[in-house]
Every structure is written in structure tokens, then in C-alpha cells.
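The next block holds one structure in the form of C-alpha cells; read it before the comments.
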Amino acid sequence: MGYRMAVVGATGAVGREILKTLAERNFPVDSMVALASGRSAGQQVSFGDDQVLTVKSLDSFDFKGIDIALFSPGAAISAVHAPRAAAAGCVVIDNTSQFRMDPDVPLVVPEVNPQALARFRKRRIIANPNCSTIQMVVALKPLHDLARVKRVVVSTYQSVSGAGREAMDELWSQTRGVYVNETPPSEQFTKQIAFNVIPHIDNFLGDGSTREETKMAEETRKILSPDIAVMATCVRVPVFIGHAEAVHVEFEEPITEQQAWEALREAPGVIVLDRREDGGYATPAEIAGEDAVYVSRLRRDLTVPHGLAFWCVSDNLRKGAALNAVQIAEELVAQGLLEG
């Protein structure tokens with residue numbers, strides 16, 4: 001049995017990656033519609049090796065008859081069109097921030113909390129977490145099951161693809177410009193991104209945090225446990241694809257490095273690449289295009305009673321966005337939640 005599907009935001013970096021991922025994983029698709037804003041209507045996008053889809057306008061599209069729609073068009077657009085699609089009987093998997101903290105919308109990482117999908121019918125919307133949250137909770141889950149996470153302090157090193165195609169173009173043009181003393185002005189970022197790091201992702205809030213940092217805290221609590229304290233510092237770095245995170249975890253109970261290594265090696269969606277030698281760790285350049293969350297540099301944190309520190313890296317367009325959304329759809333099928 002195949003499903004009638006739509007990808008909203010199909011011309012964007014994540015939308016194209018969703019189409020690619022659905023085809024690569026042989027998701028059972030009977031028909032596929034590519035949707036985007038009116039100005040993108042008429043463009044063409046690839047779906048698998050053989051199909052080229054002509055993009056249709058989201059504004060005028062009737063979702064009646066569509067089984068699953070995967071949204072990645074921006075929060076303001078999802079706010080309008082995701083409920084419209086759900087009202088037409090479609091199941092919406094939304095990759096934006098619009099519905100993540102809605103108590104009636106499950107926030108799901110399939111390796112971590114697939115049981116949360118049982119609550120999707122109230123709104124017929126399922127939220128995909130923030131990219132930086134996804135990779136962190138995938139790594140935290142097997143450790144939390146062992147010793148219960150009490151507190152997390154995380155610093156992120158986030159690639160420019162997390163800010164979209166135009167941000168990637170800005171990094172490219174600025175990098176090229178530096179070499180000819182004609183660096184273009186910053187338009188997508190608040191400061192020059194080429195050969196620089198910017199400790200600012202999303203808007204500042206009243207307490208001095210940014211929205212990206214607050215998202216990591218709130219989403220981690222919703223997915224893993226409301227009792228976990230999270231302190232995040234989110235930084236944009238001049239990397240095209242792949243987010244990295246330095247994570248320091250305090251646990252409620254004792255946990256050894258050996259126990260952590262064994263749990264992580266057995267965990268779904270995790271690859272441990274951790275040799276205490278030159279080059280014995282994962283970096284964004286090596287994992288672009290990969291599905292897993294890579295964990296390296298695991299060691300004790302002696303500054304707290306029960307502490308560990310580790311480094312994790314993942315492709316933010318894959319596991320941080322497209323793949324997680326597709327895995328949610330796969331889990332809906334596996335649990336039989338799309339029937340009836």
C-alpha cells in the first residue's frame with residue numbers, strides 16, 4: 001500500500017532533502033506533490049532517479065486526498081497552512097518551530113520517544129524538533145536510560161545550512177571575497193561569517209538567551225524529561241553542512257565511561273567514533289550526507305559528582321531535519337497509526 005504525499009517547501013534545502021530521503025529509503029509513495037510559494041510555482045524538483053515534479057502553489061492547493069504532508073516552509077507559513085492541511089484529513093509532519101511546544105502536538109525523535117506519536121490525532125500535526133536538539137537527544141537517550149540526566153550544558157557549532165540556502169551562498173561569496181579584498185556585506189548574518197564564528201542564532205530574549213538556545217532547553221524537556229535543566233550557547237560557524245556540539249552532562253546516578261560507551265554503541269541512530277589519538281573523532285566535513293549521530297571524545301567530567309562530557313556531530317539537513325521527518329512517517333506506518 002502506498003500513500004499520497006506532499007512536500008511543502010519543496011524548493012528549499014530541507015524540502016529537496018526530504019524528497020531525496022523518501023526516495024532513498026523507498027517510502028511507499030503512490031503519488032507525490034511538490035508545493036512552495038507562488039513565486040516558486042512552475043519550478044522543477046527531482047524525486048528519485050526518474051521523476052521530475054513541477055512545483056505547485058501552496059496557497060491554492062487543496063489537501064483533500066493527501067495522506068501525509070511534510071512541511072518545511074517557515075514557521076509563519078506552517079501556522080497558516082498546516083492546520084488547513086490537517087482539517088482536510090492530512091497528517092502533517094512539520095519541520096518548523098511553529099507547533100513544537102504546543103501541548104497537543106507531539107514533538108518526536110523516533111529513536112527517543114516514538115510512543116509520543118499516539119497523541120497526534122488531536123491536531124493531526126506532528127512536530128519535528130530543532131536540528132540541534134535532535135542530535136543531542138539521540139545521544140542523550142541511552143545515557144538517560146542508564147542514570148537519568150539531571151543537567152546539560154551544551155555549546156553548539158552550527159553550520160550555515162541551518163539558516164537556509166541564502167546563508168550558504170553568503171558564506172561562499174564572503175569566503176571568495178576575502179581572497180580578493182572585496183568581502184560582500186553581511187545580509188543573512190549579523191556579522192561576517194567567513195573566517196569567523198557568531199555566538200548568535202535567532203532573536204535575543206529578555207534574559208540574554210537567544211531563541212535557539214531556549215528551543216534546545218524547552219524541546220529537550222518535552223522529549224526526554226521535564227526535570228532536565230539545559231544551558232545552551234548556540235554558535236554559527238563557517239561550515240556548510242553539519243552541526244557539532246560539546247555536551248557536558250550531570251546525571252542523578254553514577255555512570256562510568258565504559259557503561260556509557262556500551263550503551264551508545266547499542267543505541268539506534270548512534271555511531272561511536274572515539275579513539276584517543278590524532279583524528280580519532282568525527283567532524284562535520286566527514287559526516288555530511290550521513291544519517292547517524294556520531295559521538296566522540298567521551299570522557300568523565302570531574303567538575304560534578306556524576307558527570308560525562310562528549311562531542312557529537314550530525315548532518316543537520318539529514319538527521320536534523322529531513323531524515324527525522326521521514327522516520328516519523330515510517331514510524332506512523334509501522335505503528336499502524338495511519339489506518340482509519
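FYI, nothing fancy with the C-alpha cells labels: chains A, B, ... in order, residues from 1 per chain, ligands from 1 as they appear.
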
Give me the residues of segment 10-60 of chain A that have any atom at most 12 Å from an atom of segment 286-297 of chain A; for each, the nearest atom pair and the distance in Å, rounded to one decimal. Use only C-alpha atoms, sort by chain and number, and format it as a tab-separated table.
residue	atom	partner	partner_atom	distance
A:Glu17	CA	A:Gly289	CA	9.9
A:Lys20	CA	A:Gly289	CA	11.1
A:Thr21	CA	A:Asp291	CA	9.9
A:Glu24	CA	A:Asp291	CA	11.6
A:Arg25	CA	A:Asp291	CA	11.3

Can you list, as a ChimeraX atom specification, every protein, DNA or RNA residue that comes within 9 Å of Asp104 of chain A when you count only C-alpha atoms, leaving out same-chain residues fewer than 5 positions away?
/A:99,119-120,122-123,125

Leaving out Glu187 of chain A and any residue of its chain fewer than 5 positions from it, which residues lie within 10 Å of it when counting only C-alpha atoms, given as an mmCIF file with C-alpha atoms, in the first residue's frame?
data_model
loop_
_atom_site.group_PDB
_atom_site.id
_atom_site.type_symbol
_atom_site.label_atom_id
_atom_site.label_comp_id
_atom_site.auth_asym_id
_atom_site.auth_seq_id
_atom_site.Cartn_x
_atom_site.Cartn_y
_atom_site.Cartn_z
ATOM 1 C CA GLU A 166 20.902 32.112 1.027
ATOM 2 C CA ALA A 167 23.063 31.756 4.136
ATOM 3 C CA GLU A 170 26.678 34.235 1.748
ATOM 4 C CA GLN A 192 30.807 38.404 8.730
#

Minimum-distance residue to Ile18 of chain A, chosen among A:Leu107, A:Ala34, A:Ala82, A:Ala229 (using only C-alpha atoms)
A:Ala34

Among listed residues A:Ala10, A:Leu53, A:Ile228, A:Met136, nearest Ser40 of chain A (using only C-alpha atoms)
A:Ala10

For Asn95 of chain A: contacts at 10 Å, only C-alpha atoms, fewer than 2 positions along chain excluded, given as number ranges by chain
A: 8, 14-15, 70-75, 78, 92-93, 97-100, 126-131, 320-322, 324-325

Only N, CA and C atoms, please: the residues just picked out, written as a PDB file, in the first residue's frame.
ATOM      1  N   VAL A   8       5.936  20.314   1.367  1.00  0.00           N
ATOM      2  CA  VAL A   8       5.709  21.759   1.360  1.00  0.00           C
ATOM      3  C   VAL A   8       7.039  22.460   1.649  1.00  0.00           C
ATOM      4  N   VAL A  14      15.915  21.930   2.772  1.00  0.00           N
ATOM      5  CA  VAL A  14      15.348  20.815   3.522  1.00  0.00           C
ATOM      6  C   VAL A  14      14.289  20.098   2.694  1.00  0.00           C
ATOM      7  N   GLY A  15      13.467  20.848   1.968  1.00  0.00           N
ATOM      8  CA  GLY A  15      12.450  20.222   1.138  1.00  0.00           C
ATOM      9  C   GLY A  15      13.049  19.290   0.099  1.00  0.00           C
ATOM     10  N   LEU A  70       4.656  16.668   4.444  1.00  0.00           N
ATOM     11  CA  LEU A  70       5.856  17.020   5.199  1.00  0.00           C
ATOM     12  C   LEU A  70       6.155  18.487   4.908  1.00  0.00           C
ATOM     13  N   PHE A  71       6.090  19.301   5.960  1.00  0.00           N
ATOM     14  CA  PHE A  71       6.189  20.755   5.835  1.00  0.00           C
ATOM     15  C   PHE A  71       7.583  21.242   6.229  1.00  0.00           C
ATOM     16  N   SER A  72       8.147  22.131   5.407  1.00  0.00           N
ATOM     17  CA  SER A  72       9.366  22.840   5.789  1.00  0.00           C
ATOM     18  C   SER A  72       9.423  24.195   5.086  1.00  0.00           C
ATOM     19  N   PRO A  73       8.393  25.035   5.281  1.00  0.00           N
ATOM     20  CA  PRO A  73       8.323  26.291   4.538  1.00  0.00           C
ATOM     21  C   PRO A  73       8.630  27.539   5.368  1.00  0.00           C
ATOM     22  N   GLY A  74       8.900  27.384   6.666  1.00  0.00           N
ATOM     23  CA  GLY A  74       8.998  28.527   7.570  1.00  0.00           C
ATOM     24  C   GLY A  74       7.804  28.553   8.500  1.00  0.00           C
ATOM     25  N   ALA A  75       8.031  29.002   9.741  1.00  0.00           N
ATOM     26  CA  ALA A  75       7.014  28.905  10.786  1.00  0.00           C
ATOM     27  C   ALA A  75       5.738  29.671  10.452  1.00  0.00           C
ATOM     28  N   SER A  78       3.732  27.691   7.919  1.00  0.00           N
ATOM     29  CA  SER A  78       3.150  26.497   8.543  1.00  0.00           C
ATOM     30  C   SER A  78       1.974  26.857   9.442  1.00  0.00           C
ATOM     31  N   VAL A  92       0.074  15.946   9.108  1.00  0.00           N
ATOM     32  CA  VAL A  92       1.146  16.915   8.864  1.00  0.00           C
ATOM     33  C   VAL A  92       2.337  16.602   9.749  1.00  0.00           C
ATOM     34  N   ILE A  93       3.508  16.502   9.137  1.00  0.00           N
ATOM     35  CA  ILE A  93       4.775  16.423   9.871  1.00  0.00           C
ATOM     36  C   ILE A  93       5.494  17.731   9.587  1.00  0.00           C
ATOM     37  N   SER A  97       9.368  25.637  13.688  1.00  0.00           N
ATOM     38  CA  SER A  97       9.229  25.811  15.141  1.00  0.00           C
ATOM     39  C   SER A  97       7.798  26.091  15.578  1.00  0.00           C
ATOM     40  N   GLN A  98       6.861  26.198  14.630  1.00  0.00           N
ATOM     41  CA  GLN A  98       5.536  26.726  14.922  1.00  0.00           C
ATOM     42  C   GLN A  98       4.775  25.927  15.978  1.00  0.00           C
ATOM     43  N   PHE A  99       4.831  24.604  15.929  1.00  0.00           N
ATOM     44  CA  PHE A  99       3.972  23.778  16.792  1.00  0.00           C
ATOM     45  C   PHE A  99       4.749  22.978  17.840  1.00  0.00           C
ATOM     46  N   ARG A 100       6.046  23.163  17.933  1.00  0.00           N
ATOM     47  CA  ARG A 100       6.864  22.279  18.770  1.00  0.00           C
ATOM     48  C   ARG A 100       6.450  22.269  20.231  1.00  0.00           C
ATOM     49  N   ILE A 126       2.289  16.672  13.722  1.00  0.00           N
ATOM     50  CA  ILE A 126       3.433  16.161  14.482  1.00  0.00           C
ATOM     51  C   ILE A 126       4.591  17.113  14.225  1.00  0.00           C
ATOM     52  N   ALA A 127       5.280  17.504  15.276  1.00  0.00           N
ATOM     53  CA  ALA A 127       6.380  18.457  15.135  1.00  0.00           C
ATOM     54  C   ALA A 127       7.726  17.748  15.102  1.00  0.00           C
ATOM     55  N   ASN A 128       8.569  18.224  14.201  1.00  0.00           N
ATOM     56  CA  ASN A 128       9.965  17.803  14.117  1.00  0.00           C
ATOM     57  C   ASN A 128      10.781  18.766  14.987  1.00  0.00           C
ATOM     58  N   PRO A 129      11.601  18.269  15.906  1.00  0.00           N
ATOM     59  CA  PRO A 129      12.342  19.197  16.763  1.00  0.00           C
ATOM     60  C   PRO A 129      13.394  20.010  16.002  1.00  0.00           C
ATOM     61  N   ASN A 130      13.972  20.964  16.699  1.00  0.00           N
ATOM     62  CA  ASN A 130      15.085  21.741  16.175  1.00  0.00           C
ATOM     63  C   ASN A 130      16.265  20.811  15.873  1.00  0.00           C
ATOM     64  N   CYS A 131      17.016  21.142  14.829  1.00  0.00           N
ATOM     65  CA  CYS A 131      18.116  20.273  14.397  1.00  0.00           C
ATOM     66  C   CYS A 131      19.132  20.025  15.510  1.00  0.00           C
ATOM     67  N   GLY A 320      19.003  16.077  11.240  1.00  0.00           N
ATOM     68  CA  GLY A 320      18.472  17.267  11.886  1.00  0.00           C
ATOM     69  C   GLY A 320      17.210  17.818  11.280  1.00  0.00           C
ATOM     70  N   ALA A 321      16.761  17.262  10.156  1.00  0.00           N
ATOM     71  CA  ALA A 321      15.568  17.800   9.501  1.00  0.00           C
ATOM     72  C   ALA A 321      14.871  16.722   8.673  1.00  0.00           C
ATOM     73  N   ALA A 322      15.363  16.487   7.455  1.00  0.00           N
ATOM     74  CA  ALA A 322      14.651  15.633   6.502  1.00  0.00           C
ATOM     75  C   ALA A 322      14.511  14.199   6.981  1.00  0.00           C
ATOM     76  N   ASN A 324      14.716  12.856   9.995  1.00  0.00           N
ATOM     77  CA  ASN A 324      13.846  12.688  11.156  1.00  0.00           C
ATOM     78  C   ASN A 324      12.379  12.765  10.762  1.00  0.00           C
ATOM     79  N   ALA A 325      12.044  13.685   9.846  1.00  0.00           N
ATOM     80  CA  ALA A 325      10.654  13.795   9.387  1.00  0.00           C
ATOM     81  C   ALA A 325      10.209  12.521   8.674  1.00  0.00           C
TER      82      ALA A 325
END

Nearest to Ile66 of chain A, chosen from A:Leu332, A:Val197, A:Ala217, A:Leu338, with only C-alpha atoms counted in the distances
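Between A:Leu332, A:Val197, A:Ala217, A:Leu338, the residue approaching Ile66 of chain A most closely is A:Leu338.
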
Could you pull out the helix (DSSP H, G or I) residues of segment 184-298 of chain A, going by DSSP on the backbone, and write them as a ChimeraX atom specification?
/A:211-223,257-266,284-287

Per DSSP on the backbone, filter segment 55-204 of chain A down to the residues in strand (DSSP E) and report them as an MDAnalysis selection string.
chainID A and resid 56:57 68:71 91:94 125:127 149:158

Would you pick out the contacts of segment 220-227 of chain A at 9 Å or less, using only C-alpha atoms, so that residues sharing its chain but fewer than 6 positions from it are not included, and give the list as a list in words?
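Final neighbour list, sorted by chain and number: Met101, Pro106, Leu107, Val108, Val109, Val112, Asn113, Ala116, Pro129, Thr133, Ile134, Met136, Val137, Leu140, Lys141, His144, Val149, Lys150 and Arg151 of chain A.
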
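Atom pair atom CA of Val247 of chain A / atom CA of Val270 of chain A: separated by 15.1 Å.
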
Pick from A:Ile193, A:Ala76, A:Ala118, A:Val152, whichever lies nearest to Ala232 of chain A using only C-alpha atoms:
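Nearest candidate to Ala232 of chain A out of A:Ile193, A:Ala76, A:Ala118, A:Val152: A:Val152.
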
With distances taken over only C-alpha atoms, the candidate from A:Gln43, A:Thr233, A:Gln115, A:Gln135 nearest Ser155 of chain A is A:Thr233

Write out as number ranges by chain which residues come within 6 Å of segment 157-159 of chain A when counting only C-alpha atoms, dropping same-chain ones fewer than 4 positions away.
A: 235-237, 239-245

With all heavy atoms retained, could you export that selection as a PDB file, in the first residue's frame?
ATOM      1  N   VAL A 235      26.175  28.715  18.521  1.00  0.00           N
ATOM      2  CA  VAL A 235      27.147  29.485  17.751  1.00  0.00           C
ATOM      3  C   VAL A 235      27.085  29.063  16.285  1.00  0.00           C
ATOM      4  O   VAL A 235      27.081  27.866  15.975  1.00  0.00           O
ATOM      5  CB  VAL A 235      28.570  29.260  18.305  1.00  0.00           C
ATOM      6  CG1 VAL A 235      29.592  30.097  17.536  1.00  0.00           C
ATOM      7  CG2 VAL A 235      28.625  29.586  19.798  1.00  0.00           C
ATOM      8  N   ARG A 236      27.056  30.057  15.394  1.00  0.00           N
ATOM      9  CA  ARG A 236      27.120  29.783  13.962  1.00  0.00           C
ATOM     10  C   ARG A 236      28.588  29.786  13.535  1.00  0.00           C
ATOM     11  O   ARG A 236      29.349  30.695  13.893  1.00  0.00           O
ATOM     12  CB  ARG A 236      26.347  30.848  13.174  1.00  0.00           C
ATOM     13  CG  ARG A 236      26.117  30.469  11.723  1.00  0.00           C
ATOM     14  CD  ARG A 236      25.097  29.362  11.573  1.00  0.00           C
ATOM     15  NE  ARG A 236      23.736  29.812  11.826  1.00  0.00           N
ATOM     16  CZ  ARG A 236      22.691  28.997  11.881  1.00  0.00           C
ATOM     17  NH1 ARG A 236      22.860  27.683  11.726  1.00  0.00           N
ATOM     18  NH2 ARG A 236      21.475  29.459  12.108  1.00  0.00           N
ATOM     19  N   VAL A 237      28.983  28.766  12.773  1.00  0.00           N
ATOM     20  CA  VAL A 237      30.374  28.624  12.347  1.00  0.00           C
ATOM     21  C   VAL A 237      30.438  28.534  10.818  1.00  0.00           C
ATOM     22  O   VAL A 237      29.448  28.176  10.169  1.00  0.00           O
ATOM     23  CB  VAL A 237      31.031  27.380  12.982  1.00  0.00           C
ATOM     24  CG1 VAL A 237      31.057  27.511  14.502  1.00  0.00           C
ATOM     25  CG2 VAL A 237      30.301  26.100  12.576  1.00  0.00           C
ATOM     26  N   VAL A 239      30.878  26.648   8.348  1.00  0.00           N
ATOM     27  CA  VAL A 239      30.811  25.290   7.814  1.00  0.00           C
ATOM     28  C   VAL A 239      29.517  25.200   7.018  1.00  0.00           C
ATOM     29  O   VAL A 239      28.484  25.734   7.441  1.00  0.00           O
ATOM     30  CB  VAL A 239      30.811  24.256   8.967  1.00  0.00           C
ATOM     31  CG1 VAL A 239      30.504  22.862   8.461  1.00  0.00           C
ATOM     32  CG2 VAL A 239      32.141  24.290   9.709  1.00  0.00           C
ATOM     33  N   PHE A 240      29.546  24.543   5.859  1.00  0.00           N
ATOM     34  CA  PHE A 240      28.346  24.496   5.024  1.00  0.00           C
ATOM     35  C   PHE A 240      27.295  23.529   5.575  1.00  0.00           C
ATOM     36  O   PHE A 240      26.121  23.872   5.658  1.00  0.00           O
ATOM     37  CB  PHE A 240      28.713  24.115   3.589  1.00  0.00           C
ATOM     38  CG  PHE A 240      29.330  25.242   2.821  1.00  0.00           C
ATOM     39  CD1 PHE A 240      30.684  25.254   2.552  1.00  0.00           C
ATOM     40  CD2 PHE A 240      28.564  26.317   2.385  1.00  0.00           C
ATOM     41  CE1 PHE A 240      31.263  26.299   1.858  1.00  0.00           C
ATOM     42  CE2 PHE A 240      29.133  27.376   1.690  1.00  0.00           C
ATOM     43  CZ  PHE A 240      30.489  27.364   1.429  1.00  0.00           C
ATOM     44  N   ILE A 241      27.699  22.316   5.939  1.00  0.00           N
ATOM     45  CA  ILE A 241      26.740  21.300   6.385  1.00  0.00           C
ATOM     46  C   ILE A 241      27.328  20.549   7.570  1.00  0.00           C
ATOM     47  O   ILE A 241      28.500  20.168   7.561  1.00  0.00           O
ATOM     48  CB  ILE A 241      26.409  20.310   5.250  1.00  0.00           C
ATOM     49  CG1 ILE A 241      25.669  21.017   4.108  1.00  0.00           C
ATOM     50  CG2 ILE A 241      25.554  19.151   5.778  1.00  0.00           C
ATOM     51  CD1 ILE A 241      25.443  20.141   2.891  1.00  0.00           C
ATOM     52  N   GLY A 242      26.506  20.324   8.590  1.00  0.00           N
ATOM     53  CA  GLY A 242      26.902  19.533   9.745  1.00  0.00           C
ATOM     54  C   GLY A 242      27.017  20.367  11.004  1.00  0.00           C
ATOM     55  O   GLY A 242      27.786  21.324  11.054  1.00  0.00           O
ATOM     56  N   HIS A 243      26.229  20.023  12.002  1.00  0.00           N
ATOM     57  CA  HIS A 243      26.296  20.677  13.306  1.00  0.00           C
ATOM     58  C   HIS A 243      27.139  19.828  14.263  1.00  0.00           C
ATOM     59  O   HIS A 243      27.072  18.592  14.246  1.00  0.00           O
ATOM     60  CB  HIS A 243      24.899  20.830  13.920  1.00  0.00           C
ATOM     61  CG  HIS A 243      24.028  21.841  13.249  1.00  0.00           C
ATOM     62  ND1 HIS A 243      24.445  22.633  12.210  1.00  0.00           N
ATOM     63  CD2 HIS A 243      22.715  22.180  13.484  1.00  0.00           C
ATOM     64  CE1 HIS A 243      23.444  23.427  11.840  1.00  0.00           C
ATOM     65  NE2 HIS A 243      22.395  23.168  12.600  1.00  0.00           N
ATOM     66  N   ALA A 244      27.899  20.502  15.108  1.00  0.00           N
ATOM     67  CA  ALA A 244      28.667  19.829  16.154  1.00  0.00           C
ATOM     68  C   ALA A 244      28.282  20.419  17.505  1.00  0.00           C
ATOM     69  O   ALA A 244      27.872  21.579  17.592  1.00  0.00           O
ATOM     70  CB  ALA A 244      30.164  19.988  15.903  1.00  0.00           C
ATOM     71  N   GLU A 245      28.418  19.596  18.549  1.00  0.00           N
ATOM     72  CA  GLU A 245      28.058  20.041  19.888  1.00  0.00           C
ATOM     73  C   GLU A 245      29.036  19.480  20.916  1.00  0.00           C
ATOM     74  O   GLU A 245      29.409  18.302  20.850  1.00  0.00           O
ATOM     75  CB  GLU A 245      26.643  19.565  20.253  1.00  0.00           C
ATOM     76  CG  GLU A 245      25.568  20.135  19.356  1.00  0.00           C
ATOM     77  CD  GLU A 245      24.188  19.550  19.582  1.00  0.00           C
ATOM     78  OE1 GLU A 245      24.066  18.556  20.336  1.00  0.00           O
ATOM     79  OE2 GLU A 245      23.231  20.087  18.997  1.00  0.00           O
TER      80      GLU A 245
END

Contacts of Leu302 of chain A at 12 Å (only C-alpha atoms; same-chain gap of 4+ positions) as a PDB file with C-alpha atoms, in the first residue's frame:
ATOM      1  CA  HIS A 248      28.532  18.215  29.403  1.00  0.00           C
ATOM      2  CA  VAL A 249      26.034  16.068  31.296  1.00  0.00           C
ATOM      3  CA  GLU A 250      25.384  15.704  35.012  1.00  0.00           C
ATOM      4  CA  THR A 256      31.048   5.039  34.109  1.00  0.00           C
ATOM      5  CA  HIS A 306      28.252  12.160  38.239  1.00  0.00           C
ATOM      6  CA  GLY A 307      29.427  13.797  35.041  1.00  0.00           C
ATOM      7  CA  LEU A 308      30.347  12.915  31.474  1.00  0.00           C
ATOM      8  CA  ALA A 309      31.345  15.052  28.521  1.00  0.00           C
TER       9      ALA A 309
END
